[in-house]
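Novice: Input my_file_13.txt, format and content: compact mmCIF, C-alpha atoms.
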# COMPACT_ATOMS: atom_id res chain seq x y z
CA MET O 1 0.00 0.00 0.00
CA ALA O 2 1.41 3.39 -1.02
CA ILE O 3 2.25 5.98 1.60
CA GLU O 4 -0.46 8.61 1.89
CA GLY O 5 0.96 12.10 1.52
CA VAL O 6 2.02 14.84 -0.85
CA ARG O 7 4.41 13.92 -3.65
CA PRO O 8 6.55 15.99 -6.04
CA GLY O 9 4.40 18.05 -8.38
CA GLU O 10 1.33 17.80 -6.15
CA GLY O 11 -0.55 20.44 -4.18
CA ARG O 12 1.54 21.97 -1.40
CA TYR O 13 4.72 19.98 -2.01
CA GLU O 14 6.94 23.02 -2.61
CA GLU O 15 5.63 24.75 0.51
CA LEU O 16 5.87 21.69 2.74
CA ARG O 17 9.39 20.68 1.78
CA ALA O 18 10.86 24.08 2.75
CA GLY O 19 11.97 25.00 6.25
CA PHE O 20 13.18 28.29 7.72
CA ASN O 21 16.85 27.54 7.02
CA LEU O 22 17.41 27.20 3.28
CA ALA O 23 20.98 25.88 3.62
CA VAL O 24 19.51 22.49 2.71
CA THR O 25 17.06 21.86 -0.11
CA HIS O 26 14.88 18.83 0.65
CA ARG O 27 13.44 16.67 -2.13
CA PRO O 28 11.52 13.97 -0.26
CA ALA O 29 9.65 11.21 -2.05
CA VAL O 30 6.55 11.96 -0.01
CA ILE O 31 5.56 14.44 2.70
CA VAL O 32 3.19 13.36 5.47
CA GLU O 33 1.39 16.02 7.50
CA ALA O 34 0.85 14.11 10.74
CA ARG O 35 -2.32 14.83 12.69
CA SER O 36 -1.90 12.06 15.26
CA VAL O 37 0.59 9.61 16.71
CA ASP O 38 -1.03 6.94 14.53
CA ASP O 39 -0.15 8.99 11.44
CA VAL O 40 3.47 9.11 12.53
CA ALA O 41 3.59 5.38 13.25
CA ALA O 42 1.99 4.59 9.89
CA ALA O 43 4.46 6.81 8.05
CA VAL O 44 7.44 5.19 9.77
CA ALA O 45 6.11 1.69 9.07
CA ALA O 46 5.54 2.53 5.40
CA ALA O 47 9.02 4.04 5.08
CA VAL O 48 10.57 0.90 6.54
CA ARG O 49 8.51 -1.23 4.18
CA GLU O 50 9.73 0.78 1.18
CA ARG O 51 13.27 1.03 2.59
CA ARG O 52 13.15 4.80 2.64
CA PRO O 53 14.72 7.07 5.26
CA VAL O 54 12.51 9.11 7.57
CA GLY O 55 12.99 12.83 8.16
CA VAL O 56 11.13 15.05 10.59
CA MET O 57 10.46 18.78 10.26
CA ASN O 58 8.58 21.23 12.41
CA THR O 59 9.99 24.72 11.75
CA GLY O 60 13.09 23.71 9.80
CA HIS O 61 15.47 25.99 11.72
CA GLY O 62 18.23 23.41 12.07
CA PRO O 63 18.61 21.20 8.98
CA SER O 64 21.54 18.81 8.76
CA VAL O 65 21.26 16.59 5.66
CA PRO O 66 18.81 16.69 2.74
CA ALA O 67 15.70 14.52 3.03
CA ASP O 68 16.08 13.43 -0.59
CA GLY O 69 14.03 10.34 -1.40
CA ALA O 70 12.78 10.23 2.18
CA VAL O 71 9.42 10.16 3.90
CA LEU O 72 9.35 13.64 5.44
CA ILE O 73 7.00 13.89 8.42
CA ARG O 74 5.76 17.44 9.10
CA THR O 75 4.69 17.75 12.73
CA GLY O 76 3.16 21.25 12.80
CA ARG O 77 -0.40 19.97 13.25
CA LEU O 78 0.62 18.17 16.48
CA SER O 79 0.34 21.40 18.42
CA ARG O 80 -1.28 20.71 21.78
CA VAL O 81 0.18 22.22 24.97
CA ASP O 82 -1.01 21.20 28.46
CA VAL O 83 0.33 23.01 31.51
CA ASP O 84 -0.05 21.57 35.01
CA PRO O 85 0.60 24.52 37.35
CA PHE O 86 0.55 22.34 40.46
CA ARG O 87 3.20 19.89 39.23
CA ARG O 88 4.96 22.72 37.33
CA THR O 89 5.11 20.73 34.12
CA ALA O 90 4.14 21.12 30.49
CA ARG O 91 3.19 18.35 28.07
CA VAL O 92 3.81 19.34 24.46
CA GLU O 93 3.29 17.62 21.14
CA ALA O 94 5.88 17.45 18.39
CA GLY O 95 4.74 20.53 16.45
CA VAL O 96 4.65 22.98 19.35
CA ARG O 97 6.78 26.12 19.16
CA TRP O 98 8.25 27.72 22.25
CA ARG O 99 6.01 30.78 21.90
CA ASP O 100 3.00 28.55 22.64
CA VAL O 101 4.61 27.07 25.76
CA ILE O 102 5.80 30.46 27.00
CA ALA O 103 2.30 31.93 26.71
CA ALA O 104 0.60 28.96 28.38
CA ALA O 105 3.09 28.83 31.26
CA ALA O 106 3.13 32.61 31.83
CA ARG O 107 -0.55 32.53 32.82
CA HIS O 108 0.58 30.65 35.94
CA GLY O 109 3.75 32.64 36.65
CA LEU O 110 5.90 29.85 35.21
CA ALA O 111 8.50 29.62 32.45
CA PRO O 112 9.98 26.81 30.33
CA LEU O 113 13.66 26.40 29.50
CA ASN O 114 13.11 27.78 26.01
CA GLY O 115 15.71 29.10 23.62
CA SER O 116 16.40 32.65 22.56
CA SER O 117 13.89 32.43 19.68
CA PRO O 118 10.28 31.64 20.62
CA ASP O 119 9.65 30.60 17.01
CA VAL O 120 11.77 27.44 17.25
CA GLY O 121 10.17 24.05 17.84
CA ALA O 122 10.26 22.90 21.47
CA VAL O 123 10.88 19.20 20.82
CA GLY O 124 13.78 19.43 18.37
CA TYR O 125 15.48 22.11 20.48
CA THR O 126 15.21 19.99 23.62
CA LEU O 127 16.45 16.79 21.97
CA GLY O 128 19.63 18.66 21.01
CA GLY O 129 20.26 19.82 24.60
CA GLY O 130 18.73 23.27 24.90
CA VAL O 131 20.73 26.30 26.11
CA GLY O 132 18.38 29.23 26.70
CA LEU O 133 18.11 32.31 28.89
CA LEU O 134 17.44 30.33 32.09
CA ALA O 135 20.09 27.69 31.41
CA ARG O 136 22.84 29.00 33.70
CA ARG O 137 20.33 28.91 36.54
CA TYR O 138 18.56 25.60 35.81
CA GLY O 139 20.63 23.67 33.25
CA PHE O 140 19.97 22.20 29.81
CA ALA O 141 16.34 21.82 28.74
CA ALA O 142 17.07 18.12 28.16
CA ASP O 143 17.99 17.76 31.86
CA HIS O 144 14.40 18.48 32.86
CA VAL O 145 12.47 16.16 30.54
CA ARG O 146 10.27 13.76 32.52
CA TRP O 147 9.21 11.43 29.71
CA LEU O 148 9.07 11.12 25.94
CA ASP O 149 6.71 9.39 23.53
CA VAL O 150 8.69 8.11 20.55
CA VAL O 151 7.96 6.04 17.45
CA THR O 152 10.95 3.78 16.79
CA ALA O 153 11.98 2.04 13.57
CA ASP O 154 10.01 -1.10 14.47
CA GLY O 155 6.80 0.98 14.35
CA ARG O 156 6.26 0.86 18.12
CA VAL O 157 5.05 3.86 20.09
CA ARG O 158 7.05 3.87 23.31
CA ARG O 159 6.71 5.91 26.50
CA VAL O 160 10.25 6.18 27.85
CA ASP O 161 11.54 7.72 31.05
CA GLY O 162 14.09 7.03 33.78
CA GLU O 163 12.38 3.75 34.70
CA HIS O 164 10.91 2.54 31.41
CA ASP O 165 13.60 1.99 28.78
CA PRO O 166 16.10 4.26 30.58
CA VAL O 167 18.86 3.57 28.04
CA LEU O 168 16.77 4.91 25.16
CA PHE O 169 15.67 7.79 27.40
CA TRP O 170 19.36 8.57 27.98
CA ALA O 171 20.13 8.59 24.24
CA LEU O 172 17.09 10.57 23.10
CA ARG O 173 18.00 13.51 25.33
CA GLY O 174 20.96 14.74 23.32
CA ALA O 175 20.88 12.56 20.18
CA GLY O 176 17.15 12.07 19.74
CA ALA O 177 16.66 12.33 15.99
CA ASN O 178 18.86 9.28 15.44
CA PHE O 179 16.52 6.96 17.30
CA GLY O 180 12.95 7.77 16.32
CA VAL O 181 10.23 10.37 15.95
CA VAL O 182 9.36 12.00 19.26
CA THR O 183 5.65 12.80 19.22
CA ALA O 184 5.26 14.29 22.71
CA MET O 185 7.21 15.05 25.86
CA GLU O 186 6.71 16.36 29.37
CA PHE O 187 9.19 18.69 31.04
CA ASP O 188 9.56 20.90 34.08
CA LEU O 189 8.52 24.53 34.33
CA PHE O 190 10.08 27.05 36.67
CA PRO O 191 8.75 29.90 38.85
CA VAL O 192 10.06 32.81 36.77
CA ALA O 193 7.49 35.49 35.94
CA THR O 194 9.76 38.44 35.12
CA LEU O 195 13.24 39.23 33.87
CA TYR O 196 15.50 42.25 34.00
CA GLY O 197 16.81 42.06 30.48
CA GLY O 198 17.14 43.43 26.99
CA GLU O 199 19.86 44.61 24.66
CA LEU O 200 22.67 47.14 24.80
CA CYS O 201 23.96 48.08 21.34
CA PHE O 202 27.29 49.86 20.90
CA GLY O 203 28.71 51.48 17.79
CA PRO O 204 32.06 50.65 16.18
CA GLU O 205 33.99 53.19 18.23
CA ALA O 206 33.19 51.22 21.41
CA GLY O 207 33.32 47.69 20.01
CA GLU O 208 36.79 46.68 21.24
CA ASP O 209 36.16 48.12 24.71
CA VAL O 210 32.88 46.23 24.98
CA LEU O 211 34.48 42.90 24.08
CA HIS O 212 37.08 43.33 26.83
CA ALA O 213 34.60 44.69 29.37
CA TYR O 214 32.30 41.74 28.73
CA ALA O 215 35.16 39.28 29.27
CA ALA O 216 35.79 40.67 32.77
CA TRP O 217 32.11 41.16 33.63
CA ALA O 218 30.92 37.70 32.60
CA ARG O 219 33.33 35.98 34.98
CA THR O 220 31.77 37.67 38.02
CA VAL O 221 27.99 37.59 37.50
CA PRO O 222 25.65 35.19 39.34
CA GLU O 223 24.00 32.17 37.72
CA THR O 224 20.74 34.10 37.41
CA MET O 225 22.32 36.26 34.71
CA ALA O 226 22.29 34.96 31.14
CA SER O 227 24.27 36.93 28.59
CA SER O 228 25.80 36.95 25.14
CA VAL O 229 27.57 39.32 22.79
CA LEU O 230 26.73 39.47 19.09
CA LEU O 231 28.96 41.09 16.45
CA LEU O 232 27.25 42.12 13.23
CA ARG O 233 27.67 44.67 10.45
CA TYR O 234 24.25 45.84 9.29
CA PRO O 235 23.58 46.49 5.62
CA ASP O 236 22.93 50.01 4.41
CA ASP O 237 19.26 49.20 3.93
CA PRO O 238 16.22 51.41 4.64
CA ALA O 239 14.64 48.46 6.45
CA VAL O 240 17.34 48.72 9.15
CA PRO O 241 16.80 51.30 11.93
CA PRO O 242 18.72 54.50 11.09
CA GLN O 243 21.02 54.30 14.12
CA LEU O 244 22.23 50.83 13.06
CA ARG O 245 22.17 51.15 9.27
CA GLY O 246 25.50 50.42 7.59
CA ARG O 247 27.33 50.20 10.92
CA HIS O 248 29.16 47.46 12.76
CA VAL O 249 27.28 46.93 16.03
CA THR O 250 28.30 45.10 19.17
CA HIS O 251 25.14 43.78 20.84
CA LEU O 252 25.08 42.75 24.49
CA ARG O 253 22.01 40.63 25.32
CA LEU O 254 21.18 40.28 29.03
CA ALA O 255 18.54 38.40 31.01
CA ASP O 256 18.64 38.33 34.80
CA SER O 257 16.02 36.07 36.40
CA GLY O 258 16.86 36.88 40.00
CA ALA O 259 14.22 38.03 42.45
CA ASP O 260 15.68 41.53 42.87
CA PRO O 261 15.44 43.76 39.76
CA ALA O 262 17.79 46.25 41.40
CA ALA O 263 20.56 43.64 41.41
CA GLY O 264 20.00 42.98 37.70
CA ARG O 265 20.03 46.73 37.01
CA GLU O 266 23.34 47.15 38.85
CA LEU O 267 24.91 44.40 36.72
CA ALA O 268 23.62 45.99 33.52
CA ASP O 269 24.82 49.45 34.59
CA ARG O 270 28.37 48.14 34.81
CA LEU O 271 28.18 47.41 31.09
CA ARG O 272 26.32 50.60 30.27
CA ALA O 273 29.33 52.47 31.64
CA THR O 274 31.46 51.12 28.80
CA GLY O 275 30.20 53.83 26.47
CA PRO O 276 27.23 55.45 24.75
CA ARG O 277 24.60 53.07 23.39
CA LEU O 278 22.90 53.15 20.03
CA VAL O 279 20.05 51.12 21.52
CA ASP O 280 19.24 50.31 25.14
CA THR O 281 16.19 48.13 25.75
CA VAL O 282 17.27 46.61 29.08
CA ARG O 283 14.37 46.85 31.51
CA ARG O 284 12.15 44.79 33.74
CA MET O 285 9.84 42.72 31.55
CA PRO O 286 7.34 39.88 31.84
CA TYR O 287 8.90 36.56 30.93
CA ALA O 288 6.44 36.33 28.07
CA ASP O 289 8.50 39.07 26.33
CA VAL O 290 11.72 37.02 26.46
CA GLY O 291 11.85 36.80 22.65
CA THR O 292 12.47 40.55 22.39
CA ILE O 293 15.93 40.20 23.95
CA HIS O 294 17.58 38.48 20.98
CA HIS O 295 14.78 39.51 18.55
CA GLU O 296 15.94 36.87 16.07
CA PRO O 297 14.36 36.87 12.59
CA THR O 298 11.17 34.86 12.24
CA GLY O 299 9.83 35.92 8.86
CA THR O 300 11.78 35.49 5.64
CA PRO O 301 13.65 32.15 5.36
CA VAL O 302 17.43 32.38 5.04
CA ALA O 303 20.35 30.16 4.03
CA ALA O 304 22.45 30.07 7.22
CA PHE O 305 25.64 28.04 7.51
CA ASP O 306 26.29 27.61 11.22
CA ARG O 307 29.43 26.39 12.96
CA ASN O 308 30.53 26.59 16.57
CA VAL O 309 33.20 25.77 19.09
CA LEU O 310 32.90 25.59 22.86
CA LEU O 311 35.32 27.62 24.94
CA ARG O 312 36.83 26.78 28.31
CA GLU O 313 37.26 30.52 28.92
CA TYR O 314 36.86 33.90 27.29
CA ASP O 315 39.57 36.24 28.52
CA ASP O 316 41.27 39.43 27.32
CA ASP O 317 43.44 37.54 24.84
CA ALA O 318 40.39 35.76 23.40
CA ALA O 319 38.57 39.10 23.19
CA ALA O 320 41.51 40.55 21.24
CA VAL O 321 41.42 37.73 18.69
CA LEU O 322 37.65 38.03 18.39
CA GLY O 323 37.92 41.76 17.85
CA LYS O 324 40.62 41.39 15.21
CA LEU O 325 38.68 38.86 13.09
CA ALA O 326 35.05 39.84 13.77
CA GLY O 327 35.17 43.32 15.27
CA PRO O 328 34.51 46.76 13.78
CA ASP O 329 37.62 46.88 11.56
CA ALA O 330 37.45 43.28 10.30
CA ASP O 331 34.57 43.72 7.84
CA ALA O 332 33.73 40.09 8.58
CA PRO O 333 31.20 38.53 6.16
CA PHE O 334 29.50 36.58 8.95
CA LEU O 335 27.89 37.20 12.30
CA THR O 336 29.42 36.00 15.55
CA GLU O 337 27.98 35.28 18.98
CA VAL O 338 29.74 34.49 22.25
CA ARG O 339 27.28 33.10 24.80
CA ALA O 340 27.99 32.55 28.50
CA TRP O 341 27.55 28.98 29.75
CA GLY O 342 28.68 27.63 33.14
CA GLY O 343 26.52 27.61 36.24
CA ALA O 344 23.92 24.85 36.18
CA LEU O 345 25.06 23.89 32.67
CA SER O 346 28.23 22.50 34.24
CA ARG O 347 26.39 20.21 36.66
CA PRO O 348 25.13 16.68 35.90
CA PRO O 349 21.37 16.11 35.59
CA SER O 350 19.44 14.12 38.18
CA VAL O 351 18.61 11.56 35.47
CA PRO O 352 21.67 10.99 33.23
CA ASN O 353 21.53 11.90 29.54
CA VAL O 354 23.99 12.07 26.65
CA VAL O 355 24.26 15.88 26.57
CA ALA O 356 27.95 16.72 26.77
CA SER O 357 29.57 20.19 26.79
CA ARG O 358 29.40 20.55 30.57
CA ASP O 359 33.02 21.70 30.66
CA ALA O 360 32.29 24.79 28.53
CA ALA O 361 32.30 28.29 29.96
CA PHE O 362 31.18 29.91 26.70
CA SER O 363 30.05 28.98 23.21
CA LEU O 364 31.27 30.70 20.06
CA LEU O 365 28.82 30.56 17.15
CA ALA O 366 29.59 31.97 13.70
CA ILE O 367 27.05 32.04 10.87
CA ALA O 368 27.90 32.75 7.25
CA GLY O 369 25.93 32.76 4.03
CA PRO O 370 26.41 30.33 1.16
CA GLU O 371 29.45 32.01 -0.47
CA PRO O 372 32.57 29.80 -0.06
CA ALA O 373 34.78 32.81 0.71
CA ASP O 374 32.46 33.91 3.52
CA ARG O 375 32.46 30.44 5.04
CA ALA O 376 36.25 30.28 4.80
CA ALA O 377 36.51 33.57 6.71
CA ARG O 378 34.13 32.17 9.35
CA ASP O 379 36.30 29.07 9.72
CA GLN O 380 39.41 31.22 10.08
CA LEU O 381 37.87 32.80 13.17
CA LEU O 382 36.93 29.44 14.68
CA GLU O 383 40.43 28.10 14.07
CA ALA O 384 42.00 31.20 15.63
CA MET O 385 39.95 30.61 18.79
CA ALA O 386 41.25 27.03 19.12
CA PRO O 387 43.62 27.90 22.02
CA TRP O 388 40.54 28.58 24.18
CA SER O 389 38.47 25.65 22.88
CA THR O 390 37.41 22.63 24.90
CA GLY O 391 37.57 20.58 21.71
CA GLY O 392 33.81 20.21 21.75
CA SER O 393 30.88 21.67 19.87
CA TYR O 394 27.15 21.91 20.50
CA PRO O 395 24.71 20.06 18.20
CA ASN O 396 22.04 22.77 18.17
CA PHE O 397 24.61 25.33 16.96
CA SER O 398 26.06 23.05 14.27
CA GLY O 399 25.06 23.22 10.62
CA VAL O 400 24.97 21.32 7.39
CA GLU O 401 28.74 21.29 6.90
CA ASP O 402 29.20 19.27 10.08
CA ALA O 403 26.86 16.45 9.04
CA THR O 404 29.83 14.23 8.16
CA PRO O 405 30.88 10.73 9.28
CA ASP O 406 33.11 12.33 11.95
CA GLY O 407 30.84 15.28 12.66
CA ALA O 408 29.41 13.74 15.83
CA ARG O 409 32.80 13.38 17.54
CA PRO O 410 32.94 16.88 19.06
CA HIS O 411 29.29 16.66 20.14
CA TYR O 412 29.75 13.80 22.63
CA ARG O 413 32.25 12.23 24.98
CA SER O 414 34.10 9.40 23.26
CA ASP O 415 32.66 6.69 25.53
CA ASP O 416 29.15 8.09 25.10
CA LEU O 417 29.55 8.17 21.32
CA ALA O 418 30.61 4.52 21.32
CA ARG O 419 27.52 3.68 23.39
CA LEU O 420 25.28 5.68 21.04
CA ARG O 421 26.62 3.76 18.08
CA GLN O 422 25.82 0.46 19.80
CA LEU O 423 22.30 1.68 20.53
CA LYS O 424 21.89 2.76 16.91
CA GLU O 425 22.56 -0.83 15.85
CA GLN O 426 20.05 -2.06 18.41
CA TYR O 427 17.17 0.34 17.72
CA ASP O 428 17.74 1.32 14.09
CA PRO O 429 20.05 -1.20 12.39
CA ASP O 430 18.86 -0.22 8.89
CA ARG O 431 19.45 3.50 9.58
CA THR O 432 15.89 4.54 8.89
CA PHE O 433 16.51 7.71 10.92
CA ARG O 434 19.45 9.19 9.06
CA VAL O 435 18.12 12.58 8.01
CA THR O 436 20.07 14.10 10.89
CA PHE O 437 23.62 14.43 12.18
CA PRO O 438 24.98 10.89 11.67
CA LEU O 439 26.44 8.84 14.49
CA THR O 440 28.00 6.48 11.94
CA GLY O 441 28.35 7.12 8.24
CA GLY O 442 27.06 10.22 6.53
CA GLY O 443 24.22 11.43 4.36
CA LEU O 444 21.60 9.07 2.96
CA THR O 445 23.90 6.34 1.73
Would you kindly transcribe this structure into structure tokens?

Specialist:
Amino acid sequence: MAIEGVRPGEGRYEELRAGFNLAVTHRPAVIVEARSVDDVAAAVAAAVRERRPVGVMNTGHGPSVPADGAVLIRTGRLSRVDVDPFRRTARVEAGVRWRDVIAAAARHGLAPLNGSSPDVGAVGYTLGGGVGLLARRYGFAADHVRWLDVVTADGRVRRVDGEHDPVLFWALRGAGANFGVVTAMEFDLFPVATLYGGELCFGPEAGEDVLHAYAAWARTVPETMASSVLLLRYPDDPAVPPQLRGRHVTHLRLADSGADPAAGRELADRLRATGPRLVDTVRRMPYADVGTIHHEPTGTPVAAFDRNVLLREYDDDAAAVLGKLAGPDADAPFLTEVRAWGGALSRPPSVPNVVASRDAAFSLLAIAGPEPADRAARDQLLEAMAPWSTGGSYPNFSGVEDATPDGARPHYRSDDLARLRQLKEQYDPDRTFRVTFPLTGGGLT
């Protein structure tokens, strides 16, 4: 029996095969818009029967390999969110975006461990680890998952947690897309109703000073303070605000979740003293406005080629290298972000998972467009920062160029990667789930 879905040349095929990140062009054999867990199970069973790979897409923010010839399951119609304010938990289906969870939790004075963009899918983000604006205080989003419903390659729908199939539960939280299609999960919420946060934007004349000031400041702040610095040259485009247009801007993004707004204000004022700001939006805000801090693009799809390294420290020498290759005078054809880690991110979860990177103090993410010269310049920066690197990288900040046979090595500890490969043979010996960062082998071969 043929798989029910949309095929090339039919109806909404062109719309459904495209995600937000256009770095990968998908040409699946059939696209299934799942409306239930049964739809997902049927699609997986049919793909196995036809010996086709299975890909999963909600928003398409983080593609890894093309879903060519695959059964592509779109999960956007699985969009239910249930918040239990007494247990402080949320149950979400596979198509839920963080904006839906944030809104539902905020009605009860609670917050999820969402990422910087509310438009990203909650499930895919969490399966990759999840480092958001509450992470230094509470840890990775994956650390606080209570259970997962997953359809595995044998067509079974499994409820897994720390007691029921704990080995698969361990692997899914950090390497999930390699082992099945997660259709729902439950995770913890936290009593955070407000933040003292926003953005401080400095012009090119202050850029070097800000990079060095941030290096000293970030080492001293409490775990309640999340922060990052973004380096970006804006185009000379009328769509860009006049004060930023055509200028290199150093953005500091702050989010303090402590109980005392005055303490958050004092920390922000130390950075404000670095120099005059082009933009200053740092204020007390409801948690529901958390997406305004990074204000990442949500509209027009882009082709973004992401790469990252994790840093054991970010000191004055690292700031000098960053300024030379990505600062105001570099004219870098890519954007760069340094994000503070540490705090609860360095501590093990109560229920073990495969998320690594707990030795990182910062992450360094660089995103270029499709031009080879731009990507080469991006890689030059990452290589120059190697003296401060832990040797690791973070899956959710990795892109299509790292979906290679050895691409998983920096994502996991070596003993954990060996264990993941054994589990891949156990749960998916035919590599049905290979439209993702590979644990063994690459692409769709």

Novice: Fewer than 4 positions away in the same chain doesn't count, so skip those; otherwise give me all residues within 7 Å of range 408-419 of chain O, counting all atoms listed in the file, as number ranges by chain.

Specialist: O: 354, 356, 391-395, 423, 437-439

Novice: Select, from O:Leu172, O:Leu127, O:Ala122, O:Leu310, the residue with the minimum atom-to-atom distance to Ser357 in chain O, counting all atoms listed in the file.

Specialist: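 Ranked by minimum distance to Ser357 in chain O, first place goes to O:Leu310.
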
Novice: Quick one: residues within 8 Å of range 338-346 of chain O, all atoms listed in the file, excluding same-chain residues fewer than 3 positions away - as a PyMOL selection string?

Specialist: chain O and resi 135-140+218+223+226-230+357-365

Novice: Need to verify the contact set: Val150 in chain O, 7 Å, all atoms listed in the file, exclusion of same-chain residues closer than 2 positions in sequence. Can you return it as a PyMOL selection string?

Specialist: chain O and resi 148+152+157-159+180-183

Novice: Could those residues be written to a file, using C-alpha atoms, as an mmCIF file, keeping the file's coordinate frame?

Specialist:
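Writing the result to selection-v3.cif gives the following:
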data_model
loop_
_atom_site.group_PDB
_atom_site.id
_atom_site.type_symbol
_atom_site.label_atom_id
_atom_site.label_comp_id
_atom_site.auth_asym_id
_atom_site.auth_seq_id
_atom_site.Cartn_x
_atom_site.Cartn_y
_atom_site.Cartn_z
ATOM 1 C CA LEU O 148 9.070 11.120 25.940
ATOM 2 C CA THR O 152 10.950 3.780 16.790
ATOM 3 C CA VAL O 157 5.050 3.860 20.090
ATOM 4 C CA ARG O 158 7.050 3.870 23.310
ATOM 5 C CA ARG O 159 6.710 5.910 26.500
ATOM 6 C CA GLY O 180 12.950 7.770 16.320
ATOM 7 C CA VAL O 181 10.230 10.370 15.950
ATOM 8 C CA VAL O 182 9.360 12.000 19.260
ATOM 9 C CA THR O 183 5.650 12.800 19.220
#

Novice: Identify which of the residues O:Ala255, O:Val435, O:Ala384, O:Ile73 lies closest to Pro286 in chain O, counting only C-alpha atoms when measuring atom-to-atom distances.

Specialist: O:Ala255

Novice: How big is the axis-aligned box around the listed atoms of range 416-420 of chain O once 3 Å is added on each side, and where is its centre? Give both in Å to one decimal, as lines of an AutoDock Vina configuration file.

Specialist:
center_x = 27.9
center_y = 5.9
center_z = 23.1
size_x = 11.3
size_y = 10.5
size_z = 10.1

Novice: Could you give me, as a VMD selection string, the residues within 8 Å of Val92 in chain O, counting only C-alpha atoms and dropping anything in the same chain fewer than 6 positions from it?

Specialist: chain O and resid 79 to 82 101 122 to 123 184 to 186

Novice: Store the residues picked out above, limited to C-alpha atoms, as a JSON list (two decimals), keeping the file's coordinate frame.

Specialist:
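So selection-v5.json came out as:
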[["chain", "number", "residue", "atom", "x", "y", "z"],
["O", 79, "SER", "CA", 0.34, 21.40, 18.42],
["O", 80, "ARG", "CA", -1.28, 20.71, 21.78],
["O", 81, "VAL", "CA", 0.18, 22.22, 24.97],
["O", 82, "ASP", "CA", -1.01, 21.20, 28.46],
["O", 101, "VAL", "CA", 4.61, 27.07, 25.76],
["O", 122, "ALA", "CA", 10.26, 22.90, 21.47],
["O", 123, "VAL", "CA", 10.88, 19.20, 20.82],
["O", 184, "ALA", "CA", 5.26, 14.29, 22.71],
["O", 185, "MET", "CA", 7.21, 15.05, 25.86],
["O", 186, "GLU", "CA", 6.71, 16.36, 29.37]]

Novice: I'd like to know which of O:Leu195, O:Ala326, O:Leu335, O:Val48 is closest to Val282 in chain O, using all atoms listed in the file.

Specialist: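 Between O:Leu195, O:Ala326, O:Leu335, O:Val48, the residue approaching Val282 in chain O most closely is O:Leu195.
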
Novice: Taking the point (35.8, 43.7, 10.2) as given in the file, collect each protein or nucleic acid residue that comes within 12 Å of it, counting only C-alpha atoms, and present the set as a ChimeraX atom specification.

Specialist: /O:204,207-208,231-234,247-250,321-336,377-378,381

Novice: Work out how far CA of Ser257 in chain O is from CA of His108 in chain O, in Å to one decimal.

Specialist: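 About the pair CA of His108 in chain O and CA of Ser257 in chain O: they are 16.4 Å apart.
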
Novice: Give me, as a PDB file with C-alpha atoms, keeping the file's coordinate frame, all polymer residues having an atom no more than 8 Å from Glu33 in chain O, counting all atoms listed in the file and skipping those fewer than 3 positions away in the same chain.

Specialist:
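See result.pdb below for the written result:
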ATOM      1  CA  GLY O   5       0.960  12.100   1.520  1.00  0.00           C
ATOM      2  CA  ILE O  73       7.000  13.890   8.420  1.00  0.00           C
ATOM      3  CA  ARG O  74       5.760  17.440   9.100  1.00  0.00           C
ATOM      4  CA  THR O  75       4.690  17.750  12.730  1.00  0.00           C
ATOM      5  CA  GLY O  76       3.160  21.250  12.800  1.00  0.00           C
ATOM      6  CA  ARG O  77      -0.400  19.970  13.250  1.00  0.00           C
TER       7      ARG O  77
END

Novice: Let me make sure I understand: among O:Val24, O:Ala215, O:Gly258, O:Asn396, which one has the smallest atom-to-atom distance to Gly121 in chain O if we use only C-alpha atoms?

Specialist: O:Asn396

Novice: As an exercise, work out the distance from CA of Gly176 in chain O to CA of Ala366 in chain O in Å and give it to one decimal place.

Specialist: 24.2 Å

Novice: For CA of Gly369 in chain O and CA of Ala304 in chain O, determine how far apart the two atoms are, in Å to one decimal place.

Specialist: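 Value for the CA of Gly369 in chain O-CA of Ala304 in chain O distance: 5.4 Å.
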
Novice: Just checking: using all atoms listed in the file, which residue out of O:Thr194, O:Asn21, O:Thr390, O:Ser36 ends up closest to Ala106 in chain O?

Specialist: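 Closest candidate: O:Thr194.
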
Novice: Find the residue from O:Ala318, O:Gly291, O:Pro297, O:Val355 that sits nearest to Gly130 in chain O; use all atoms listed in the file when measuring.

Specialist: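 Going through O:Ala318, O:Gly291, O:Pro297, O:Val355 one by one, the smallest distance to Gly130 in chain O is for O:Val355.
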
Novice: Considering only C-alpha atoms, tabulate each residue of range 224-307 of chain O that lies at most 12 Å from range 63-68 of chain O along with its nearest interatomic pair and the corresponding distance in Å to one decimal; arrange the rows by chain and ascending residue number and present them as a tab-separated table.

Specialist:
residue	atom	partner	partner_atom	distance
O:Val302	CA	O:Pro63	CA	11.9
O:Ala303	CA	O:Pro63	CA	10.4
O:Ala304	CA	O:Pro63	CA	9.8
O:Phe305	CA	O:Pro63	CA	9.9
O:Asp306	CA	O:Pro63	CA	10.3
O:Arg307	CA	O:Ser64	CA	11.7

Novice: Residues proximal to (18.5, 26.9, 24.8) were defined as those with any atom within 10 Å of that point in the file's coordinates, counting all atoms listed in the file. Which are they, as a list in words?

Specialist: Leu113, Asn114, Gly115, Ser116, Ser117, Ala122, Tyr125, Thr126, Gly128, Gly129, Gly130, Val131, Gly132, Leu133, Leu134, Ala135, Gly139, Phe140, Ala141, Ala142 and Asn396 of chain O
